[in-house]
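Q: Got a file for you: input20.cif, mmCIF, C-alpha atoms.
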data_structure
#
loop_
_atom_site.label_atom_id
_atom_site.label_comp_id
_atom_site.auth_asym_id
_atom_site.auth_seq_id
_atom_site.Cartn_x
_atom_site.Cartn_y
_atom_site.Cartn_z
CA MET B 1 42.77 -11.45 -17.98
CA LYS B 2 42.32 -11.34 -21.72
CA GLU B 3 42.31 -7.86 -23.12
CA ASP B 4 38.93 -6.84 -24.46
CA PRO B 5 38.05 -4.04 -26.78
CA LYS B 6 36.04 -1.35 -25.05
CA VAL B 7 32.32 -1.87 -25.20
CA ARG B 8 30.78 0.60 -27.61
CA PRO B 9 27.23 1.96 -27.84
CA TRP B 10 25.05 1.48 -30.89
CA LYS B 11 23.89 4.23 -33.24
CA THR B 12 20.17 4.71 -33.78
CA LEU B 13 19.65 5.49 -37.47
CA GLU B 14 15.84 5.55 -37.50
CA SER B 15 13.06 5.04 -34.97
CA GLU B 16 9.34 4.57 -35.40
CA THR B 17 6.33 3.37 -33.44
CA ALA B 18 5.60 -0.26 -34.33
CA PHE B 19 2.76 -0.98 -31.86
CA PRO B 20 0.91 2.12 -30.70
CA GLU B 21 -1.07 0.82 -27.67
CA PRO B 22 -0.81 3.44 -24.91
CA TRP B 23 -0.13 0.76 -22.24
CA MET B 24 2.52 -0.98 -24.30
CA ARG B 25 4.00 1.30 -26.93
CA ILE B 26 6.60 -0.65 -28.89
CA ARG B 27 9.29 1.22 -30.84
CA LYS B 28 11.20 -0.19 -33.80
CA ASP B 29 14.75 1.14 -34.08
CA LYS B 30 17.06 0.76 -37.05
CA VAL B 31 20.45 0.53 -35.36
CA GLN B 32 24.08 0.32 -36.44
CA LEU B 33 26.19 -1.99 -34.29
CA PRO B 34 29.88 -1.24 -33.54
CA SER B 35 30.78 -3.93 -36.10
CA GLY B 36 29.13 -1.78 -38.78
CA ARG B 37 26.25 -4.17 -39.29
CA VAL B 38 22.82 -2.56 -39.52
CA VAL B 39 19.85 -4.17 -37.75
CA ASP B 40 16.56 -3.00 -39.25
CA ASP B 41 14.17 -4.03 -36.50
CA TYR B 42 15.37 -3.80 -32.92
CA PHE B 43 12.22 -3.54 -30.78
CA VAL B 44 12.05 -1.57 -27.54
CA TRP B 45 9.13 -1.14 -25.13
CA ASP B 46 9.02 2.48 -24.04
CA ASN B 47 7.62 1.60 -20.64
CA PRO B 48 6.87 4.41 -18.20
CA PRO B 49 9.42 5.58 -15.62
CA ILE B 50 8.57 4.14 -12.19
CA ALA B 51 8.96 5.54 -8.66
CA HIS B 52 9.50 3.11 -5.78
CA VAL B 53 9.35 3.89 -2.07
CA ALA B 54 10.87 2.16 0.94
CA ALA B 55 8.85 3.71 3.78
CA MET B 56 9.85 3.18 7.41
CA THR B 57 7.59 3.79 10.40
CA PRO B 58 8.94 5.47 13.57
CA GLU B 59 9.01 1.93 15.04
CA GLY B 60 11.40 0.76 12.31
CA LYS B 61 8.90 -1.30 10.29
CA ILE B 62 8.99 -1.23 6.47
CA VAL B 63 5.68 -0.71 4.62
CA MET B 64 5.36 -3.55 2.08
CA ALA B 65 2.67 -4.70 -0.31
CA ARG B 66 1.53 -8.09 -1.57
CA GLN B 67 0.00 -7.82 -5.04
CA TYR B 68 -1.04 -10.09 -7.89
CA ARG B 69 1.20 -9.85 -10.98
CA HIS B 70 -0.70 -10.98 -14.00
CA ALA B 71 2.14 -11.60 -16.47
CA VAL B 72 3.77 -14.17 -14.17
CA GLY B 73 0.50 -15.27 -12.51
CA GLU B 74 1.91 -14.91 -8.98
CA ILE B 75 1.21 -12.92 -5.82
CA LEU B 76 4.50 -11.26 -4.91
CA LEU B 77 5.92 -9.17 -2.10
CA VAL B 78 6.89 -5.73 -3.42
CA PHE B 79 7.66 -2.21 -2.31
CA PRO B 80 4.96 0.37 -3.16
CA ALA B 81 5.69 1.66 -6.67
CA GLY B 82 4.03 3.02 -9.74
CA GLY B 83 4.33 5.01 -12.92
CA ILE B 84 5.54 8.61 -12.83
CA ASP B 85 2.95 10.80 -14.58
CA PRO B 86 4.13 13.13 -17.38
CA GLY B 87 5.53 16.28 -15.75
CA GLU B 88 5.42 14.75 -12.26
CA GLU B 89 8.56 14.77 -10.11
CA PRO B 90 9.76 11.25 -9.20
CA GLU B 91 9.61 12.12 -5.48
CA ALA B 92 6.01 13.32 -5.81
CA ALA B 93 5.11 10.09 -7.61
CA ALA B 94 6.71 8.06 -4.80
CA ARG B 95 4.65 9.93 -2.17
CA ARG B 96 1.47 9.52 -4.21
CA GLU B 97 1.98 5.80 -4.82
CA LEU B 98 2.79 5.17 -1.16
CA GLU B 99 -0.45 6.84 -0.05
CA GLU B 100 -2.63 5.36 -2.79
CA GLU B 101 -1.41 1.79 -2.30
CA THR B 102 -0.94 1.68 1.47
CA GLY B 103 -2.55 4.73 3.12
CA TYR B 104 0.84 5.71 4.60
CA THR B 105 2.34 9.18 4.32
CA THR B 106 5.19 11.11 5.87
CA ASP B 107 5.83 14.76 6.68
CA GLN B 108 9.58 14.28 6.22
CA PRO B 109 11.56 14.77 2.99
CA LEU B 110 12.16 11.64 0.95
CA VAL B 111 15.74 10.57 0.18
CA HIS B 112 16.72 9.34 -3.30
CA ILE B 113 18.64 6.09 -2.68
CA GLY B 114 19.23 4.75 -6.19
CA SER B 115 17.95 4.09 -9.67
CA PHE B 116 17.83 1.01 -11.84
CA ALA B 117 16.71 -0.61 -15.08
CA THR B 118 14.59 -3.73 -15.55
CA TYR B 119 15.18 -5.93 -18.62
CA GLU B 120 17.42 -3.18 -19.92
CA THR B 121 18.00 -4.66 -23.38
CA LYS B 122 14.36 -4.09 -24.31
CA LEU B 123 12.70 -1.76 -21.73
CA SER B 124 13.64 1.92 -21.70
CA GLY B 125 11.92 3.14 -18.51
CA ARG B 126 14.01 3.99 -15.47
CA HIS B 127 13.14 3.25 -11.85
CA ASP B 128 13.90 5.75 -9.07
CA VAL B 129 13.91 4.56 -5.48
CA PHE B 130 13.22 6.72 -2.42
CA PHE B 131 13.51 6.22 1.32
CA ALA B 132 10.58 7.67 3.29
CA PRO B 133 11.30 7.97 7.02
CA GLY B 134 8.60 8.72 9.60
CA ALA B 135 5.82 6.93 7.72
CA ARG B 136 2.43 6.92 9.45
CA GLN B 137 -0.93 5.56 8.44
CA LYS B 138 -2.91 8.75 8.09
CA GLY B 139 -3.75 8.97 4.42
CA LYS B 140 -6.56 7.15 2.75
CA ARG B 141 -6.00 4.20 0.45
CA VAL B 142 -7.31 4.56 -3.06
CA LYS B 143 -9.19 1.46 -4.12
CA ASP B 144 -7.73 0.22 -7.41
CA ASP B 145 -9.20 -3.08 -8.47
CA GLN B 146 -6.23 -3.71 -10.78
CA GLU B 147 -3.93 -3.50 -7.77
CA GLU B 148 -5.60 -5.26 -4.83
CA THR B 149 -3.07 -4.80 -2.04
CA GLU B 150 -2.35 -6.52 1.24
CA VAL B 151 -0.28 -4.10 3.31
CA LEU B 152 2.39 -5.65 5.54
CA LEU B 153 4.59 -3.97 8.14
CA LEU B 154 7.84 -5.92 8.34
CA SER B 155 10.90 -5.43 10.51
CA LEU B 156 14.26 -5.38 8.74
CA GLU B 157 14.88 -8.88 10.13
CA GLU B 158 11.58 -10.15 8.71
CA LEU B 159 12.36 -8.49 5.38
CA ALA B 160 15.82 -10.09 5.30
CA ALA B 161 14.19 -13.49 5.89
CA GLU B 162 11.71 -12.88 3.06
CA PHE B 163 14.57 -12.29 0.63
CA ALA B 164 16.99 -14.88 2.07
CA GLY B 165 15.80 -18.00 0.28
CA THR B 166 15.43 -19.20 -3.27
CA LYS B 167 11.69 -18.44 -3.47
CA PHE B 168 10.52 -16.88 -6.76
CA CYS B 169 10.71 -13.11 -6.27
CA SER B 170 10.49 -9.73 -7.99
CA SER B 171 13.89 -8.40 -9.07
CA SER B 172 12.60 -4.85 -8.53
CA ALA B 173 11.69 -5.71 -4.94
CA VAL B 174 15.11 -7.30 -4.34
CA THR B 175 16.80 -4.21 -5.78
CA ASP B 176 14.66 -1.86 -3.67
CA TYR B 177 15.62 -3.95 -0.63
CA HIS B 178 19.32 -3.88 -1.58
CA LEU B 179 19.26 -0.07 -2.00
CA LEU B 180 17.41 0.32 1.33
CA ARG B 181 20.06 -1.77 3.13
CA ASN B 182 22.85 0.23 1.44
CA HIS B 183 21.24 3.48 2.55
CA LEU B 184 20.65 2.36 6.15
CA ALA B 185 24.22 1.01 6.40
CA GLN B 186 25.60 4.38 5.29
CA SER B 187 23.29 6.35 7.61
CA VAL B 188 24.47 4.64 10.80
CA MET E 189 -2.10 -3.35 11.24
CA LYS E 190 -5.25 -2.82 9.25
CA GLU E 191 -6.90 -6.05 8.16
CA ASP E 192 -6.80 -6.50 4.40
CA PRO E 193 -8.74 -8.85 2.22
CA LYS E 194 -6.55 -11.56 0.76
CA VAL E 195 -5.05 -10.70 -2.58
CA ARG E 196 -6.74 -12.70 -5.33
CA PRO E 197 -5.49 -13.68 -8.79
CA TRP E 198 -7.24 -12.59 -11.97
CA LYS E 199 -9.05 -14.87 -14.38
CA THR E 200 -7.96 -14.94 -18.01
CA LEU E 201 -11.11 -15.16 -20.15
CA GLU E 202 -9.46 -14.90 -23.57
CA SER E 203 -5.94 -14.50 -24.91
CA GLU E 204 -4.65 -13.64 -28.36
CA THR E 205 -1.48 -12.46 -30.05
CA ALA E 206 -1.65 -8.70 -30.59
CA PHE E 207 1.86 -8.08 -31.97
CA PRO E 208 3.46 -11.16 -33.56
CA GLU E 209 7.12 -10.11 -33.85
CA PRO E 210 9.27 -13.12 -32.81
CA TRP E 211 11.59 -10.90 -30.73
CA MET E 212 8.72 -9.13 -29.00
CA ARG E 213 5.53 -11.13 -29.10
CA ILE E 214 2.80 -9.16 -27.33
CA ARG E 215 -0.27 -10.97 -26.01
CA LYS E 216 -3.62 -9.32 -25.37
CA ASP E 217 -5.54 -10.91 -22.48
CA LYS E 218 -9.19 -10.33 -21.63
CA VAL E 219 -9.14 -10.62 -17.84
CA GLN E 220 -11.68 -10.59 -15.04
CA LEU E 221 -10.49 -8.79 -11.92
CA PRO E 222 -11.49 -9.97 -8.41
CA SER E 223 -13.94 -7.03 -8.30
CA GLY E 224 -15.81 -8.64 -11.19
CA ARG E 225 -14.79 -5.97 -13.68
CA VAL E 226 -13.62 -7.21 -17.06
CA VAL E 227 -10.60 -5.59 -18.75
CA ASP E 228 -10.62 -6.27 -22.50
CA ASP E 229 -7.02 -5.42 -23.33
CA TYR E 230 -4.36 -6.26 -20.77
CA PHE E 231 -1.09 -6.52 -22.71
CA VAL E 232 1.72 -8.90 -21.76
CA TRP E 233 5.11 -9.40 -23.41
CA ASP E 234 5.82 -13.13 -23.54
CA ASN E 235 9.54 -12.62 -23.23
CA PRO E 236 11.82 -15.67 -23.24
CA PRO E 237 12.91 -17.38 -20.03
CA ILE E 238 16.47 -16.38 -19.14
CA ALA E 239 19.33 -18.26 -17.48
CA HIS E 240 21.90 -16.32 -15.45
CA VAL E 241 25.19 -17.58 -14.10
CA ALA E 242 27.39 -16.44 -11.23
CA ALA E 243 30.68 -18.18 -12.04
CA MET E 244 33.54 -18.24 -9.54
CA THR E 245 37.16 -19.08 -10.35
CA PRO E 246 39.24 -21.28 -8.04
CA GLU E 247 40.84 -17.99 -6.88
CA GLY E 248 37.44 -16.68 -5.74
CA LYS E 249 36.91 -14.16 -8.55
CA ILE E 250 33.44 -13.69 -10.10
CA VAL E 251 33.21 -13.65 -13.91
CA MET E 252 31.32 -10.48 -14.87
CA ALA E 253 30.44 -8.77 -18.15
CA ARG E 254 30.10 -5.17 -19.25
CA GLN E 255 27.66 -4.81 -22.12
CA TYR E 256 25.75 -2.09 -23.94
CA ARG E 257 22.00 -2.11 -23.30
CA HIS E 258 20.23 -0.38 -26.13
CA ALA E 259 16.82 0.31 -24.54
CA VAL E 260 18.39 2.39 -21.75
CA GLY E 261 21.41 3.50 -23.81
CA GLU E 262 23.92 2.56 -21.10
CA ILE E 263 26.88 0.22 -20.66
CA LEU E 264 26.10 -1.83 -17.56
CA LEU E 265 27.83 -4.42 -15.37
CA VAL E 266 25.91 -7.70 -15.54
CA PHE E 267 26.27 -11.40 -14.88
CA PRO E 268 26.46 -13.59 -18.01
CA ALA E 269 22.90 -14.44 -19.01
CA GLY E 270 20.74 -15.20 -22.01
CA GLY E 271 17.59 -16.75 -23.36
CA ILE E 272 16.83 -20.42 -22.74
CA ASP E 273 16.21 -22.11 -26.11
CA PRO E 274 12.99 -24.12 -26.57
CA GLY E 275 13.55 -27.57 -25.06
CA GLU E 276 16.86 -26.55 -23.46
CA GLU E 277 17.40 -27.14 -19.72
CA PRO E 278 18.01 -23.89 -17.80
CA GLU E 279 21.32 -25.25 -16.46
CA ALA E 280 22.51 -26.08 -19.98
CA ALA E 281 21.57 -22.57 -21.11
CA ALA E 282 23.55 -21.10 -18.19
CA ARG E 283 26.65 -23.13 -19.18
CA ARG E 284 26.24 -22.17 -22.84
CA GLU E 285 25.81 -18.46 -22.13
CA LEU E 286 28.79 -18.43 -19.76
CA GLU E 287 31.04 -19.95 -22.40
CA GLU E 288 29.66 -17.92 -25.33
CA GLU E 289 29.89 -14.56 -23.54
CA THR E 290 33.07 -15.01 -21.52
CA GLY E 291 34.97 -18.12 -22.67
CA TYR E 292 34.73 -19.59 -19.14
CA THR E 293 33.51 -23.10 -18.40
CA THR E 294 33.48 -25.46 -15.44
CA ASP E 295 33.62 -29.23 -15.03
CA GLN E 296 31.61 -29.02 -11.81
CA PRO E 297 27.83 -29.22 -11.48
CA LEU E 298 26.00 -25.89 -11.37
CA VAL E 299 23.84 -25.04 -8.35
CA HIS E 300 20.40 -23.42 -8.79
CA ILE E 301 20.40 -20.49 -6.36
CA GLY E 302 17.12 -18.73 -7.13
CA SER E 303 14.62 -17.48 -9.67
CA PHE E 304 13.00 -14.13 -10.27
CA ALA E 305 10.74 -11.99 -12.42
CA THR E 306 11.51 -8.66 -14.08
CA TYR E 307 8.70 -6.11 -14.56
CA GLU E 308 6.32 -8.84 -13.50
CA THR E 309 3.10 -6.95 -14.23
CA LYS E 310 3.81 -7.07 -17.98
CA LEU E 311 6.65 -9.59 -18.68
CA SER E 312 5.94 -13.31 -18.33
CA GLY E 313 9.45 -14.79 -18.67
CA ARG E 314 11.17 -16.25 -15.63
CA HIS E 315 14.85 -15.93 -14.79
CA ASP E 316 16.79 -18.85 -13.26
CA VAL E 317 20.10 -18.18 -11.57
CA PHE E 318 22.96 -20.68 -11.20
CA PHE E 319 26.22 -20.72 -9.27
CA ALA E 320 29.14 -22.16 -11.24
CA PRO E 321 32.13 -23.05 -9.05
CA GLY E 322 35.54 -23.91 -10.49
CA ALA E 323 35.25 -21.66 -13.52
CA ARG E 324 38.28 -21.59 -15.81
CA GLN E 325 38.97 -19.80 -19.07
CA LYS E 326 39.27 -22.73 -21.40
CA GLY E 327 36.32 -22.37 -23.73
CA LYS E 328 36.22 -20.09 -26.73
CA ARG E 329 34.16 -16.92 -26.81
CA VAL E 330 31.56 -16.67 -29.52
CA LYS E 331 31.69 -13.31 -31.23
CA ASP E 332 28.22 -11.75 -31.14
CA ASP E 333 28.21 -8.22 -32.47
CA GLN E 334 24.89 -7.53 -30.70
CA GLU E 335 26.56 -8.35 -27.41
CA GLU E 336 30.08 -6.88 -27.39
CA THR E 337 31.42 -7.95 -24.01
CA GLU E 338 34.20 -6.78 -21.74
CA VAL E 339 34.94 -9.64 -19.33
CA LEU E 340 35.89 -8.62 -15.79
CA LEU E 341 37.11 -10.84 -12.95
CA LEU E 342 36.04 -9.22 -9.69
CA SER E 343 36.60 -10.26 -6.10
CA LEU E 344 33.54 -10.35 -3.84
CA GLU E 345 34.81 -7.15 -2.22
CA GLU E 346 35.09 -5.42 -5.60
CA LEU E 347 31.64 -6.67 -6.55
CA ALA E 348 30.19 -5.38 -3.27
CA ALA E 349 31.73 -1.97 -4.01
CA GLU E 350 30.21 -1.96 -7.51
CA PHE E 351 26.73 -2.44 -6.06
CA ALA E 352 27.18 -0.31 -2.94
CA GLY E 353 26.39 3.12 -4.32
CA THR E 354 23.47 4.84 -5.99
CA LYS E 355 24.86 4.44 -9.53
CA PHE E 356 22.32 3.45 -12.19
CA CYS E 357 22.33 -0.36 -12.33
CA SER E 358 20.60 -3.44 -13.72
CA SER E 359 18.01 -4.90 -11.32
CA SER E 360 18.75 -8.35 -12.74
CA ALA E 361 22.45 -7.93 -11.91
CA VAL E 362 21.63 -6.73 -8.38
CA THR E 363 19.31 -9.72 -7.90
CA ASP E 364 21.94 -12.15 -9.24
CA TYR E 365 24.42 -10.60 -6.80
CA HIS E 366 21.95 -10.85 -3.91
CA LEU E 367 21.29 -14.55 -4.68
CA LEU E 368 25.02 -15.23 -4.96
CA ARG E 369 25.66 -13.65 -1.54
CA ASN E 370 22.75 -15.64 -0.04
CA HIS E 371 24.18 -18.85 -1.46
CA LEU E 372 27.74 -18.19 -0.29
CA ALA E 373 26.53 -17.21 3.19
CA GLN E 374 24.64 -20.50 3.49
CA SER E 375 27.56 -22.55 2.15
CA VAL E 376 30.04 -21.40 4.79
#
Can you give me the file's structure in the form of structure tokens?
A:
Amino acid sequence: MKEDPKVRPWKTLESETAFPEPWMRIRKDKVQLPSGRVVDDYFVWDNPPIAHVAAMTPEGKIVMARQYRHAVGEILLVFPAGGIDPGEEPEAAARRELEEETGYTTDQPLVHIGSFATYETKLSGRHDVFFAPGARQKGKRVKDDQEETEVLLLSLEELAAEFAGTKFCSSSAVTDYHLLRNHLAQSV
Amino acid sequence: MKEDPKVRPWKTLESETAFPEPWMRIRKDKVQLPSGRVVDDYFVWDNPPIAHVAAMTPEGKIVMARQYRHAVGEILLVFPAGGIDPGEEPEAAARRELEEETGYTTDQPLVHIGSFATYETKLSGRHDVFFAPGARQKGKRVKDDQEETEVLLLSLEELAAEFAGTKFCSSSAVTDYHLLRNHLAQSV
């Protein structure tokens, strides 16, 4: 294999808000690349951190959601997830989103099973993923007309089939699924 | 399982450019939700479509890249990938990105193994993923100081180990890996 120089981080020389909308705050960074070249306008969306939850019922079913995604114009299968409020613990956000979107809750502790980036060149927000065992439908769903949800209970086999083909899918959902399978494989 | 209403798409009533930067063009949509409520300012980043490539050498190694990702400030393991130019076929973009980033090419046809969204509530660009068998280092790498690359040749076992833990990762890379494993499992 050809020898490569180590990959080096960039230096941020200046940073300012370029587009101040609360739901899509865009930052403009002046950065210095490892080559020495200065780029005056590297844009980053400071999107919110997100908590995801893979909740399993005592019967071994996973609590999934089908939701409309406006930017791509598709209804997609996803794990319950949502923005972490300022000052909120990621685990608390995962519990809250699970109950709000699906009506499911659990009395058991959640397990942190991984974290990931989406479109990591331009989006700064991190995603934390939790496993929620012992999920039961005892909470109340919060009606959110921006997030009309069809709740599905899928076995691991059904979930594997959903993600087995070449059908257009959410990379966050695939990553949640991958982390869930990793966790369950290590727990056996 | 509780019966849910079907999930319905939104209607876009108006759409305009809210932030015209070529590298981060933000669109403001006026949308009508299924509830009838109108939201005046739903922002979408019309990010470019992206081609990804999982290239395998005749020895069964996968051609991977380590690159710095400024928005998250991390060096991450990813599959070669990049924006599809206007009018360019996704497969041609995958070949071009593979050669530019890693110096690898193949004489064999590429196989489309899946497509996905990233942050699909707010990003409109689709990602197409290709499998490139018979990859050999015979092209020349294009030096891009915004994308300093360390090229790694990893066996499937090494790749599985990279994505087996809870280490912070790229959801696009995990999804590429998932689609590669799906494809190889079906090809046996």
Q: Neighbouring residues of region 43-49 of chain B were defined as those with any atom within 7 Å, considering all atoms listed in the file; residues of the same chain fewer than 4 positions away were excluded. Please report them as a PyMOL selection string.
A: (chain B and resi 24-29+83-84+122-127) or (chain E and resi 212+259)
Q: Would you list which chain E residues are within 7 Å of chain B using all atoms listed in the file, as a count of residues only?
A: 45
Q: Could you jot down the CA of His240 (chain E) to CA of Ala320 (chain E) separation for me, Å, one decimal place?
A: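 Atom-to-atom, CA of His240 (chain E) to CA of Ala320 (chain E), that is 10.2 Å.
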Q: CA of Lys331 (chain E) and CA of Ala269 (chain E) are how many Å apart?
A: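 According to the coordinates, CA of Lys331 (chain E) and CA of Ala269 (chain E) are separated by 15.1 Å.
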Q: Expand the PyMOL selection byres ((chain B and resi 59) around 12) into the individual residues it matches in the shown file, reporting them as an MDAnalysis selection string.
A: chainID B and resid 55:58 60:63 133:136 153:156
Q: For the atom pair CA of Asp85 (chain B) and CA of Ile50 (chain B), what is the interatomic distance in Å to one decimal place?
A: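 Computing it gives 9.0 Å between the two atoms.
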